[in-house]
file work_17.txt (compact mmCIF, C-alpha atoms and all ligand atoms)
# COMPACT_ATOMS: atom_id res chain seq x y z
CA ARG E 12 5.04 33.32 5.88
CA ASN E 13 6.56 32.68 2.52
CA SER E 14 9.07 30.11 1.40
CA PRO E 15 11.53 30.95 -1.35
CA ARG E 16 9.96 30.27 -4.73
CA SER E 17 11.71 27.35 -6.27
CA PRO E 18 11.73 27.28 -10.05
CA LEU E 19 11.09 23.67 -10.92
CA PHE E 20 12.07 22.27 -14.32
CA GLY E 21 11.82 25.84 -15.58
CA ILE E 22 8.03 25.78 -15.66
CA THR E 23 6.81 26.54 -12.17
CA ASN E 24 5.20 29.76 -11.15
CA LYS E 25 4.35 30.79 -14.70
CA LEU E 26 0.84 32.04 -15.01
CA CYS E 27 -1.41 30.20 -17.38
CA PRO E 28 -1.78 32.55 -20.37
CA CYS E 29 -5.43 31.65 -20.89
CA THR E 30 -6.63 32.30 -17.35
CA GLY E 31 -4.54 35.37 -16.55
CA SER E 32 -4.00 34.52 -12.92
CA ARG E 33 -4.08 31.56 -10.63
CA LYS E 34 -6.83 31.26 -8.08
CA TYR E 35 -4.77 29.18 -5.65
CA THR E 36 -1.34 30.56 -5.01
CA GLY E 37 1.25 30.76 -2.23
CA ILE E 38 1.75 28.31 0.63
CA VAL E 39 -0.87 25.59 1.09
CA GLU E 40 -2.30 26.40 4.52
CA ASP E 41 -0.55 24.56 7.41
CA CYS E 42 1.91 23.02 4.94
CA CYS E 43 5.38 23.94 3.73
CA CYS E 44 4.94 24.03 0.00
CA GLU E 45 3.27 26.30 -2.58
CA TYR E 46 0.31 25.48 -4.82
CA GLU E 47 2.36 26.26 -7.90
CA THR E 48 5.10 23.86 -6.82
CA VAL E 49 2.61 21.12 -5.93
CA ASP E 50 0.97 21.37 -9.36
CA ALA E 51 4.27 21.26 -11.24
CA LEU E 52 5.74 18.46 -9.12
CA ASN E 53 2.59 16.44 -9.36
CA LYS E 54 2.29 16.80 -13.10
CA GLU E 55 5.92 16.21 -13.97
CA VAL E 56 7.06 13.73 -11.34
CA LEU E 57 4.60 12.28 -8.85
CA HIS E 58 1.57 11.54 -11.00
CA PRO E 59 3.51 9.59 -13.68
CA ILE E 60 5.35 7.47 -11.08
CA LEU E 61 2.20 6.79 -9.04
CA GLN E 62 0.15 5.87 -12.11
CA GLU E 63 2.70 3.21 -12.98
CA LEU E 64 3.20 2.06 -9.39
CA VAL E 65 -0.47 1.26 -8.76
CA THR E 66 -0.63 -1.01 -11.80
CA THR E 67 2.11 -3.33 -10.48
CA PRO E 68 0.90 -6.71 -9.12
CA PHE E 69 1.88 -5.78 -5.54
CA PHE E 70 -0.11 -2.55 -5.46
CA ARG E 71 -3.12 -3.49 -7.52
CA TYR E 72 -4.56 -6.14 -5.18
CA PHE E 73 -6.20 -4.93 -1.99
CA ARG E 74 -7.33 -7.33 0.73
CA VAL E 75 -10.67 -6.26 2.13
CA LYS E 76 -13.84 -7.45 3.75
CA LEU E 77 -16.64 -6.12 1.59
CA TRP E 78 -19.33 -7.66 3.72
CA CYS E 79 -21.48 -4.95 5.24
CA ASP E 80 -20.94 -5.22 8.96
CA CYS E 81 -21.97 -1.81 10.23
CA PRO E 82 -21.27 -1.40 13.94
CA PHE E 83 -23.40 1.73 14.31
CA TRP E 84 -26.82 1.05 12.90
CA PRO E 85 -27.97 -2.44 13.86
CA ASP E 86 -31.50 -1.50 12.88
CA ASP E 87 -30.42 -1.01 9.29
CA GLY E 88 -31.73 -4.15 7.51
CA MET E 89 -28.40 -5.19 6.01
CA CYS E 90 -26.10 -4.52 8.97
CA HIS E 91 -25.29 -6.31 12.25
CA LEU E 92 -23.25 -5.52 15.32
CA ARG E 93 -19.79 -7.01 15.18
CA ASP E 94 -17.55 -8.34 17.97
CA CYS E 95 -14.80 -6.12 19.29
CA SER E 96 -11.37 -6.89 17.91
CA VAL E 97 -7.78 -6.13 18.95
CA PHE E 98 -5.71 -4.21 16.46
CA ASP E 99 -2.25 -2.69 16.19
CA ASN E 100 -2.81 0.56 14.33
CA PRO E 101 -4.34 2.82 16.98
CA TRP E 102 -5.78 5.02 14.23
CA THR E 103 -7.85 2.44 12.39
CA TYR E 104 -10.54 -0.13 12.96
CA ASP E 105 -8.79 -3.38 12.11
CA ASP E 106 -10.40 -5.63 9.54
CA GLU E 107 -7.64 -8.16 9.27
CA THR E 108 -8.76 -10.40 12.10
CA ASP E 109 -11.53 -12.19 10.24
CA ASN E 110 -9.49 -13.98 7.60
CA ALA E 111 -12.28 -16.13 6.24
CA GLU E 112 -14.27 -13.12 5.10
CA MET E 113 -11.46 -11.30 3.32
CA THR E 114 -11.26 -11.11 -0.45
CA TYR E 115 -8.62 -9.77 -2.82
CA VAL E 116 -9.87 -7.07 -5.14
CA ASN E 117 -8.09 -5.98 -8.30
CA LEU E 118 -8.25 -2.20 -7.96
CA GLN E 119 -7.44 -1.68 -11.63
CA LEU E 120 -10.66 -3.46 -12.59
CA ASN E 121 -12.72 -1.49 -10.09
CA PRO E 122 -11.88 2.19 -10.53
CA GLU E 123 -13.30 4.77 -8.20
CA ARG E 124 -16.00 6.54 -10.24
CA TYR E 125 -19.69 7.38 -10.33
CA THR E 126 -21.80 4.54 -8.93
CA GLY E 127 -25.13 6.25 -8.35
CA TYR E 128 -24.77 5.84 -4.57
CA ALA E 129 -26.55 8.91 -3.15
CA GLY E 130 -29.54 9.90 -1.09
CA PRO E 131 -30.15 9.49 2.66
CA SER E 132 -27.76 6.53 3.14
CA ALA E 133 -24.73 8.33 1.64
CA ARG E 134 -25.69 11.58 3.35
CA ARG E 135 -25.99 9.84 6.73
CA ILE E 136 -22.44 8.49 6.43
CA TRP E 137 -20.94 11.86 5.57
CA GLU E 138 -22.94 13.51 8.37
CA ALA E 139 -21.71 10.90 10.86
CA ILE E 140 -18.12 11.34 9.65
CA TYR E 141 -18.23 15.12 10.06
CA ALA E 142 -20.03 14.79 13.41
CA GLU E 143 -17.05 12.72 14.61
CA ASN E 144 -14.68 15.61 14.22
CA CYS E 145 -16.93 18.52 14.86
CA PRO E 146 -16.86 18.63 18.67
CA LYS E 147 -15.14 21.92 19.37
CA ASP E 148 -13.45 23.07 22.54
CA PRO E 149 -15.38 25.34 24.94
CA SER E 150 -14.10 28.50 23.24
CA GLY E 151 -15.86 27.35 20.07
CA GLU E 152 -12.58 26.95 18.20
CA PHE E 153 -11.02 23.93 16.57
CA CYS E 154 -7.59 23.26 17.98
CA GLN E 155 -4.93 22.78 15.32
CA GLU E 156 -4.98 18.98 15.62
CA LYS E 157 -8.75 18.76 15.16
CA ARG E 158 -8.51 21.13 12.24
CA VAL E 159 -6.01 18.76 10.68
CA LEU E 160 -8.43 15.85 11.04
CA TYR E 161 -11.28 17.89 9.57
CA LYS E 162 -9.14 18.95 6.63
CA LEU E 163 -8.03 15.40 5.94
CA ILE E 164 -11.63 14.20 5.79
CA SER E 165 -12.79 17.16 3.74
CA GLY E 166 -9.83 16.71 1.35
CA LEU E 167 -10.69 13.05 0.92
CA HIS E 168 -14.35 13.95 0.36
CA SER E 169 -13.29 16.44 -2.35
CA SER E 170 -11.18 13.76 -3.99
CA ILE E 171 -14.07 11.26 -4.01
CA SER E 172 -16.36 13.90 -5.53
CA ILE E 173 -13.72 14.68 -8.18
CA HIS E 174 -13.48 11.02 -9.15
CA ILE E 175 -17.26 10.88 -9.46
CA ALA E 176 -17.20 14.00 -11.66
CA SER E 177 -14.29 12.88 -13.82
CA ASP E 178 -15.75 9.46 -14.60
CA TYR E 179 -19.51 9.95 -14.70
CA LEU E 180 -22.28 8.00 -16.42
CA LEU E 181 -23.53 10.72 -18.77
CA ASP E 182 -26.01 8.65 -20.73
CA GLU E 183 -27.27 5.49 -19.11
CA ALA E 184 -29.13 4.21 -22.19
CA ASN E 185 -25.96 4.29 -24.30
CA ASN E 186 -23.56 3.52 -21.43
CA LEU E 187 -21.69 6.73 -22.20
CA TRP E 188 -19.11 7.76 -19.57
CA GLY E 189 -17.31 11.10 -19.39
CA GLU E 190 -16.65 14.24 -17.35
CA ASN E 191 -19.43 16.01 -15.47
CA LEU E 192 -18.00 19.51 -15.04
CA GLU E 193 -21.21 20.84 -13.51
CA LEU E 194 -20.95 18.32 -10.68
CA PHE E 195 -17.24 19.11 -10.36
CA TYR E 196 -18.03 22.80 -9.99
CA ASP E 197 -21.02 22.33 -7.72
CA ARG E 198 -19.45 19.95 -5.23
CA VAL E 199 -15.86 21.14 -5.20
CA LEU E 200 -14.79 24.24 -7.14
CA ARG E 201 -17.61 26.43 -5.84
CA HIS E 202 -16.16 25.90 -2.34
CA PRO E 203 -12.51 27.04 -2.46
CA GLU E 204 -11.84 25.62 1.02
CA ARG E 205 -12.63 22.14 -0.35
CA VAL E 206 -9.96 22.61 -3.01
CA ARG E 207 -7.51 23.84 -0.37
CA ASN E 208 -8.29 20.83 1.83
CA LEU E 209 -7.58 18.51 -1.10
CA TYR E 210 -4.09 20.02 -1.57
CA PHE E 211 -3.53 19.83 2.20
CA THR E 212 -4.47 16.13 2.30
CA PHE E 213 -2.21 15.41 -0.67
CA LEU E 214 0.78 17.05 1.04
CA PHE E 215 0.01 15.36 4.36
CA VAL E 216 0.02 11.89 2.77
CA LEU E 217 3.05 12.75 0.66
CA ARG E 218 4.92 13.73 3.83
CA ALA E 219 4.04 10.36 5.41
CA VAL E 220 5.37 8.53 2.35
CA THR E 221 8.64 10.48 2.36
CA LYS E 222 9.03 10.17 6.14
CA ALA E 223 8.83 6.38 5.81
CA ALA E 224 11.19 6.44 2.80
CA ASP E 225 13.81 4.04 4.17
CA TYR E 226 11.17 1.64 5.45
CA LEU E 227 9.28 1.66 2.15
CA GLU E 228 12.47 1.29 0.15
CA GLN E 229 13.54 -1.77 2.15
CA ALA E 230 10.11 -3.40 2.29
CA GLU E 231 9.55 -6.61 0.34
CA TYR E 232 7.36 -6.28 -2.71
CA ASN E 233 7.02 -9.96 -3.26
CA THR E 234 4.32 -11.35 -5.51
CA GLY E 235 6.29 -14.18 -7.07
CA ASN E 236 6.86 -12.28 -10.30
CA MET E 237 10.48 -11.23 -9.96
CA GLU E 238 10.59 -8.91 -12.93
CA GLU E 239 7.48 -7.02 -11.83
CA ASP E 240 8.62 -6.95 -8.20
CA LEU E 241 11.95 -5.38 -9.16
CA LYS E 242 10.09 -2.77 -11.17
CA THR E 243 7.86 -2.07 -8.14
CA GLN E 244 10.91 -1.57 -5.92
CA SER E 245 12.47 0.74 -8.47
CA LEU E 246 9.29 2.85 -8.73
CA VAL E 247 9.04 3.09 -4.94
CA ARG E 248 12.64 4.29 -4.85
CA GLN E 249 11.95 6.86 -7.58
CA LEU E 250 9.02 8.14 -5.54
CA VAL E 251 10.44 8.29 -2.02
CA TYR E 252 13.93 9.53 -2.89
CA ASN E 253 12.88 11.76 -5.73
CA PRO E 254 15.50 14.51 -6.14
CA GLN E 255 13.04 17.02 -7.67
CA LEU E 256 10.67 16.47 -4.75
CA GLN E 257 13.49 16.85 -2.24
CA ILE E 258 14.58 20.13 -3.79
CA ALA E 259 11.21 21.71 -4.45
CA CYS E 260 9.21 20.50 -1.46
CA PRO E 261 11.52 18.86 1.10
CA LEU E 262 8.97 18.96 3.95
CA PRO E 263 5.45 18.83 2.50
CA PHE E 264 3.89 18.99 5.99
CA ASP E 265 5.53 19.66 9.37
CA GLU E 266 4.03 17.19 11.81
CA ALA E 267 6.40 18.27 14.60
CA LYS E 268 4.14 21.27 15.27
CA LEU E 269 1.30 19.08 16.56
CA TRP E 270 0.59 17.64 20.04
CA GLN E 271 2.89 20.23 21.62
CA GLY E 272 0.58 21.54 24.32
CA GLU E 273 0.11 20.11 27.82
CA SER E 274 -2.93 18.17 26.73
CA GLY E 275 -1.10 16.71 23.72
CA PRO E 276 -1.20 13.00 24.70
CA GLU E 277 -4.83 13.15 25.80
CA LEU E 278 -5.80 14.99 22.64
CA LYS E 279 -3.99 12.43 20.54
CA GLN E 280 -6.00 9.61 22.13
CA GLN E 281 -9.22 11.50 21.59
CA ILE E 282 -8.48 12.12 17.92
CA GLN E 283 -7.39 8.50 17.50
CA ARG E 284 -10.78 7.43 18.85
CA GLN E 285 -12.55 9.77 16.44
CA PHE E 286 -10.56 8.50 13.48
CA ARG E 287 -11.20 4.87 14.49
CA ASN E 288 -14.93 5.61 14.47
CA ILE E 289 -14.61 7.15 11.02
CA SER E 290 -12.75 4.03 9.92
CA ALA E 291 -15.52 1.81 11.37
CA LEU E 292 -18.16 3.89 9.61
CA MET E 293 -16.83 2.60 6.28
CA ASP E 294 -18.63 -0.68 7.04
CA CYS E 295 -21.89 1.25 6.81
CA VAL E 296 -21.32 2.49 3.25
CA GLY E 297 -24.16 0.90 1.33
CA CYS E 298 -22.52 0.43 -2.08
CA GLU E 299 -19.83 -2.17 -2.54
CA LYS E 300 -17.44 -0.26 -4.79
CA CYS E 301 -17.78 2.89 -2.65
CA ARG E 302 -17.11 0.77 0.44
CA LEU E 303 -14.01 -0.69 -1.20
CA TRP E 304 -12.52 2.73 -1.99
CA GLY E 305 -13.80 4.24 1.25
CA LYS E 306 -12.09 1.52 3.28
CA LEU E 307 -8.90 1.69 1.24
CA GLN E 308 -8.58 5.45 1.48
CA VAL E 309 -9.43 5.68 5.16
CA LEU E 310 -6.88 2.90 5.82
CA GLY E 311 -4.41 4.94 3.74
CA LEU E 312 -5.09 8.02 5.88
CA GLY E 313 -4.80 5.91 9.06
CA THR E 314 -1.45 4.63 7.81
CA ALA E 315 -0.26 8.18 7.15
CA LEU E 316 -1.34 9.17 10.69
CA LYS E 317 0.48 6.12 12.09
CA ILE E 318 3.69 7.01 10.24
CA LEU E 319 3.57 10.66 11.26
CA PHE E 320 2.46 10.33 14.86
CA SER E 321 3.17 6.87 16.24
CA VAL E 322 6.94 7.09 16.56
CA ASP E 323 8.08 10.03 18.67
CA ASN E 324 11.76 10.01 17.82
CA ASP E 325 12.21 10.92 14.15
CA ASN E 326 15.57 9.14 13.95
CA LEU E 327 13.97 5.87 14.99
CA ILE E 328 11.09 6.00 12.55
CA ASN E 329 12.50 3.38 10.21
CA GLN E 330 13.54 0.98 13.01
CA GLN E 331 10.31 1.18 14.97
CA LEU E 332 7.74 1.45 12.24
CA GLN E 333 5.85 -1.70 11.29
CA LEU E 334 3.40 -1.59 8.42
CA HIS E 335 1.14 -4.31 7.12
CA ARG E 336 1.23 -5.09 3.42
CA ASN E 337 -2.35 -3.81 3.12
CA GLU E 338 -1.40 -0.52 4.80
CA VAL E 339 1.40 0.06 2.29
CA ILE E 340 -0.97 -0.74 -0.60
CA ALA E 341 -3.63 1.60 0.80
CA LEU E 342 -1.13 4.41 1.35
CA ALA E 343 0.21 4.32 -2.22
CA ASN E 344 -3.23 4.00 -3.79
CA LEU E 345 -4.57 6.87 -1.68
CA LEU E 346 -1.65 9.07 -2.73
CA ASN E 347 -2.35 8.17 -6.35
CA ARG E 348 -6.06 9.05 -6.03
CA LEU E 349 -5.20 12.40 -4.45
CA SER E 350 -2.60 13.04 -7.13
CA GLU E 351 -5.23 12.39 -9.83
CA SER E 352 -7.62 14.81 -8.12
CA VAL E 353 -4.99 17.54 -7.79
CA LYS E 354 -4.15 17.11 -11.48
CA PHE E 355 -7.82 17.32 -12.45
CA VAL E 356 -8.30 20.52 -10.45
CA HIS E 357 -5.19 22.05 -11.98
CA GLU E 358 -6.00 21.10 -15.57
CA LYS E 359 -9.79 21.32 -15.67
CA GLY E 360 -10.62 23.67 -12.80
CA PRO E 361 -10.17 27.05 -14.56
CA TYR E 362 -12.13 25.89 -17.63
CA ALA E 363 -14.95 24.38 -15.53
CA GLU E 364 -15.20 27.59 -13.49
CA ARG E 365 -15.35 29.74 -16.60
CA ILE E 366 -18.12 27.80 -18.28
CA MET E 367 -20.14 27.36 -15.10
CA GLU E 368 -19.87 31.01 -14.12
CA LYS E 369 -20.92 32.01 -17.64
CA LYS E 370 -23.90 29.65 -17.42
CA ILE E 371 -24.90 31.03 -14.02
CA SER E 372 -24.64 34.67 -15.12
CA SER E 373 -26.68 34.07 -18.30
CA TYR E 374 -29.30 32.22 -16.25
CA THR E 375 -29.41 35.08 -13.71
CA SER E 376 -29.75 37.78 -16.38
CA LYS E 377 -32.49 35.79 -18.18
CA SER E 378 -34.48 35.26 -14.98
CA SER E 379 -34.15 38.93 -13.96
CA SER E 380 -35.31 40.13 -17.41
C1 LIG R 1 -17.09 6.75 2.02
C2 LIG R 1 -17.94 7.07 0.83
C3 LIG R 1 -17.46 6.73 -0.43
C4 LIG R 1 -18.23 7.04 -1.56
N1 LIG R 1 -17.77 6.67 -2.79
C5 LIG R 1 -18.52 6.92 -3.89
C6 LIG R 1 -18.08 6.50 -5.19
O1 LIG R 1 -17.03 5.88 -5.34
N2 LIG R 1 -18.89 6.77 -6.24
C7 LIG R 1 -20.11 7.43 -6.11
O2 LIG R 1 -20.79 7.66 -7.09
N3 LIG R 1 -20.51 7.85 -4.88
C8 LIG R 1 -19.76 7.60 -3.79
N4 LIG R 1 -20.20 8.03 -2.56
C9 LIG R 1 -21.38 8.89 -2.49
C10 LIG R 1 -20.97 10.36 -2.74
O3 LIG R 1 -19.86 10.73 -1.94
C11 LIG R 1 -22.11 11.36 -2.41
O4 LIG R 1 -22.54 11.13 -1.09
C12 LIG R 1 -23.28 11.25 -3.35
O5 LIG R 1 -22.83 11.39 -4.68
C13 LIG R 1 -24.35 12.33 -3.05
O6 LIG R 1 -23.76 13.61 -3.12
P1 LIG R 1 -24.35 14.96 -2.49
O7 LIG R 1 -24.44 15.99 -3.54
O8 LIG R 1 -25.60 14.64 -1.74
O9 LIG R 1 -23.22 15.49 -1.49
P2 LIG R 1 -22.23 14.65 -0.62
O10 LIG R 1 -20.95 14.45 -1.36
O11 LIG R 1 -22.92 13.43 -0.09
O12 LIG R 1 -21.94 15.66 0.60
C14 LIG R 1 -22.79 15.74 1.72
C15 LIG R 1 -22.57 17.10 2.39
O13 LIG R 1 -21.23 17.17 2.87
C16 LIG R 1 -20.71 18.50 2.69
N5 LIG R 1 -19.50 18.39 1.84
C17 LIG R 1 -19.41 17.94 0.57
N6 LIG R 1 -18.14 17.92 0.15
C18 LIG R 1 -17.39 18.40 1.18
C19 LIG R 1 -16.01 18.61 1.36
N7 LIG R 1 -15.10 18.34 0.42
N8 LIG R 1 -15.59 19.15 2.55
C20 LIG R 1 -16.48 19.43 3.53
N9 LIG R 1 -17.81 19.22 3.42
C21 LIG R 1 -18.27 18.72 2.26
C22 LIG R 1 -21.80 19.31 2.06
O14 LIG R 1 -22.47 20.00 3.09
C23 LIG R 1 -22.70 18.28 1.42
O15 LIG R 1 -24.02 18.72 1.32
C24 LIG R 1 -19.48 7.70 -1.41
C25 LIG R 1 -19.94 8.05 -0.15
C26 LIG R 1 -19.18 7.72 0.97
C27 LIG R 1 -19.71 8.08 2.33
call {"tool": "encode", "arguments": {"input": "work_17.txt", "output": "structure tokens"}}
result
Amino acid sequence: RNSPRSPLFGITNKLCPCTGSRKYTGIVEDCCCEYETVDALNKEVLHPILQELVTTPFFRYFRVKLWCDCPFWPDDGMCHLRDCSVFDNPWTYDDETDNAEMTYVNLQLNPERYTGYAGPSARRIWEAIYAENCPKDPSGEFCQEKRVLYKLISGLHSSISIHIASDYLLDEANNLWGENLELFYDRVLRHPERVRNLYFTFLFVLRAVTKAADYLEQAEYNTGNMEEDLKTQSLVRQLVYNPQLQIACPLPFDEAKLWQGESGPELKQQIQRQFRNISALMDCVGCEKCRLWGKLQVLGLGTALKILFSVDNDNLINQQLQLHRNEVIALANLLNRLSESVKFVHEKGPYAERIMEKKISSYTSKSSS
């Protein structure tokens, strides 16, 4: 299925002269928009707006409990079981009940980047996250809804890996930071489905933001700094009602196709439970900065799921939707992180692939001779 190719700002769909052809082309799987369009829109419109939006006072402070309070592994020295809590986003594990333990973190001062968190602890979290959405139906197939959940997690994982690769501690002794293209290639580019899942996740979250356009436009962005708050509102408006976005990619993802079968409601509850467990797993991440960004981005995904799937009647979305301030902050910051990752793949991917493939082939020919 192909959508009409929409020339955007006169630059879309042109092949990069240095690479000859694009590796990712056509419709992003399960979405309604092409890779070429996503790259052009992101570069020209979305990325610049988002970069400015996340620096505003409203969007740069995230309220979070950074305390490790892992509900899964009480035997892990630093974690304890926590009490159950009542929450109002059925997709996420609510942290907002324990006010005394919450802190405000300035996200601009704590960028998502390499932290050195690796080894069995990090691996155990990713394994547990993937185990949550691996149960397949008896035919051995993922249903479409479970595939969506898997792709969202995998896309987020790609984005985290890309931020590690793009801001890496290259030389510890001299505190030298820079790009680690080998890591970028190894963890993401070498696995094209991980790149595809990143684009999918970006479009999914973008659809949630545009679906909640009226709500987000009318929300209060009140920090006490009127000038900054007006700028925030104006940037939100530029993002959610963007004419170029509406022309080039009016429906980034079509959520109406999901939960259609007889078992739709039951399946939705099951996937909500799985996502809540993934959200709770963020308390088990053993590095504070990773936990911060893990919690923020999973809350952002949970907010996107809430926007897309919690109100059945599309016309009532803006009357019935209720978002917490922290959910709005998480959603915008997640979209910005994904936008940065998509831009990095688009701009650095072909070069990283070329040099890594050259390295691999010279290594192979040396070892065979
Ligand atoms: C929530 C969370 C946040 C983190 N944030 C940071 C951070 O900010 N900075 C930092 O330095 N480290 C962070 N880490 C650690 C980081 O993600 C890696 O776990 C770590 O760098 C070790 O990498 P690895 O090579 O062992 O592979 P990992 O990235 O740990 O991957 C584990 C396994 O998952 C599979 N996999 C990998 N990528 C994908 C994908 N996109 N789709 C599907 N499957 C995949 C592969 O089989 C891989 O072997 C975080 C970890 C978690 C769980």
call {"tool": "closest_residue", "arguments": {"input": "work_17.txt", "among": "E:Ala315, E:Val65, E:Leu303, E:Ala129", "to": "Glu266 of chain E", "atoms": "only C-alpha atoms"}}
result
E:Ala315
call {"tool": "residues_near_ligand", "arguments": {"input": "work_17.txt", "ligand": "ligand LIG 1 (chain R)", "cutoff": "8 Å", "atoms": "only C-alpha atoms and all ligand atoms", "output": "VMD selection string"}}
result
chain E and resid 123 to 130 133 to 138 141 162 164 to 172 174 to 175 198 to 199 204 to 206 208 to 209 293 296 298 300 to 302 304 to 306
call {"tool": "atom_distance", "arguments": {"input": "work_17.txt", "atom1": "atom CA of Leu118 of chain E", "atom2": "atom CA of Phe70 of chain E"}}
result
8.5 Å
call {"tool": "residues_around", "arguments": {"input": "work_17.txt", "residues": "segment 350-363 of chain E", "least_positions_apart": "5", "cutoff": "7 Å", "atoms": "all atoms listed in the file", "output": "VMD selection string"}}
result
chain E and resid 30 50 53 to 54 58 170 173 192 196 210 213
call {"tool": "atom_distance", "arguments": {"input": "work_17.txt", "atom1": "atom CA of Thr114 of chain E", "atom2": "atom CA of Val75 of chain E"}}
result
5.5 Å
call {"tool": "closest_residue", "arguments": {"input": "work_17.txt", "among": "E:Phe320, E:Asn253, E:Arg207, E:Thr66", "to": "Thr36 of chain E", "atoms": "all atoms listed in the file"}}
result
E:Arg207
call {"tool": "axis_aligned_box", "arguments": {"input": "work_17.txt", "around": "segment 218-236 of chain E", "padding_each_side": "5 Å", "output": "JSON"}}
result
{"center_x": 8.9, "center_y": -0.2, "center_z": -2.1, "size_x": 19.8, "size_y": 37.9, "size_z": 26.4}
call {"tool": "atom_distance", "arguments": {"input": "work_17.txt", "atom1": "atom CA of Gln283 of chain E", "atom2": "atom CA of Arg336 of chain E"}}
result
21.4 Å
